[in-house]
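Report on the following structure.
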Amino acid sequence: MIGSRAPSPPPAFREIPGSRLRAWARPELEEWVRGALGTCGTLHAAARRDAGGATKLTGRAPVFVVRRGDTAWAVRRYTRGGAVASFLGDRYLHLGSPRPLSELAASEGLRRLGVPTPRILALAVYRAGPFYRADLATELVPDATDLVEFLFQPRSNASAATRQREILHESGSLVRRLAEVGGYHRDLNAKNLLVRNSSMAPRIYLIDLDRCRVGVGAKDRSLSRMAGRLRSSLTKWGHKTGHWLDAADWDALATGLGSPSEGTNSGPEGYQTR
């Protein structure tokens, strides 16, 4: 049975059972989820249809955006990474809690503790022999892009440089806040920080929480590991794009993290400007 020993979603969610699946949705998405599963079989397939192929985000797998009036949500399929991806793809063994339920628990816990992250609106787990596949729908943060797209482009003027340093400082502060409340994101990279391009606060959101845990303790150790992952990710994207973070950028991030700046994470010739 799918999720036979898994925790149930909070009361705000309504269960939508099926013969080979289990799904849950908040009331505002229940009608769409029922229709999606009835006509397309999966949330991801329905989102691909409803997005019309024109409005989709990209990552390891396509993330389709569905819009209904003033409401919009993003639907992603859980997909394996690393060496196992070549033979497992989007399949996961039935071991412990399914990933979307674990992600929902992390999301609800972090939101209660004041860590900005988009609300999860619906999830579905599909049985496939000893494996399962899964989809997740989250509210779409308007006018937002990930930290990589925000940072790694030419700066048009001094004002843009100042704003980017403000965003780096806020990114570091969010990571520090995550550690302070006992959270740990095992895949904290620059693609998993979302920047809202508006004056509204908060401007930085944490996303993709399926490898995030709450209540892990050891704040300093968690912060050090997450900060190291984020610095490595920013360095990697500097190499990929040729747009290096400079000394002031790294200092802004370090101040947000509450830790010393590490100049070794700059470009091959030391700190470089763009």
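Scheme for the structure tokens: letters A, B, ... for chains in order shown; per-chain residue numbers from 1; ligand numbers from 1 in order shown.
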
Inset, instruction - For Arg67 of chain A, work out the shell of residues within 10 Å, counting only C-alpha atoms and skipping chain neighbours fewer than 3 positions away, then give it as a list in words. - result: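 Once the adjacent positions are removed, what remains is Ala47, Asp50, Ala51, Thr55, Asp70, Thr71, Ala72, Trp73, Ala74 and Leu140 of chain A.
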
Inset, instruction - Would you kindly return, as a PyMOL selection string, each protein, DNA or RNA residue with an atom no farther than 12 Å from any atom of Arg22 of chain A, considering only C-alpha atoms and excluding same-chain residues fewer than 4 positions away? - result: chain A and resi 1-4+6+8-9+14-18+33-34+37+41-43+98+100-101+122-127+132-135

Inset, instruction - Select from segment 5-212 of chain A everything DSSP, run on the backbone, classes as strand (DSSP E), then give the selection as a ChimeraX atom specification. - result: /A:14-17,21-25,56-57,63-68,71-77,92-93,120-128,131-139,144-146,183-185,193-196,204-206,212

Inset, instruction - May I ask which of the residues A:Gly52, A:Gly38, A:Pro118, A:Gly183 is the closest one to Leu136 of chain A, counting only C-alpha atoms? - result: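 Between A:Gly52, A:Gly38, A:Pro118, A:Gly183, the residue approaching Leu136 of chain A most closely is A:Pro118.
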
Legend entry - All alpha helix (DSSP H) positions in segment 91-207 of chain A, as a PyMOL selection string: chain A and resi 99-112+147-151+158-180

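When only C-alpha atoms are used to compute distances to Ile207 of chain A, the closest of the residues A:Asp143, A:Pro27, A:Thr138, A:Leu257 turns out to be A:Thr138.
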
Inset, instruction - Rank nothing, just name the residue among A:Val141, A:Val63, A:Ala128, A:Leu174 nearest to Leu206 of chain A, using only C-alpha atoms. - result: A:Leu174

Inset, instruction - For segment 222-238 of chain A, work out the shell of residues within 9 Å, counting only C-alpha atoms and skipping chain neighbours fewer than 3 positions away, then give it as a PyMOL selection string. - result: chain A and resi 148+152+172+175-176+178-180+182-191+216-219+241-245+250+253-254+257+259+262+265-267

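Atom to atom, atom CA of Phe131 of chain A and atom CA of Gly89 of chain A stand 11.2 Å apart.
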
Inset, instruction - For Pro142 of chain A, work out the shell of residues within 9 Å, counting only C-alpha atoms and skipping chain neighbours fewer than 5 positions away, then give it as a count of residues only. - result: 4

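In this comparison, which uses only C-alpha atoms, the residue of A:Leu29, A:Ala252, A:Ala161, A:Val115 approaching Ile204 of chain A most closely is A:Val115.
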
Legend entry - Residue neighbourhood Ser107 of chain A, 8 Å, only C-alpha atoms, exclusion window fewer than 6 positions, as number ranges by chain: A: 117, 119-120, 209
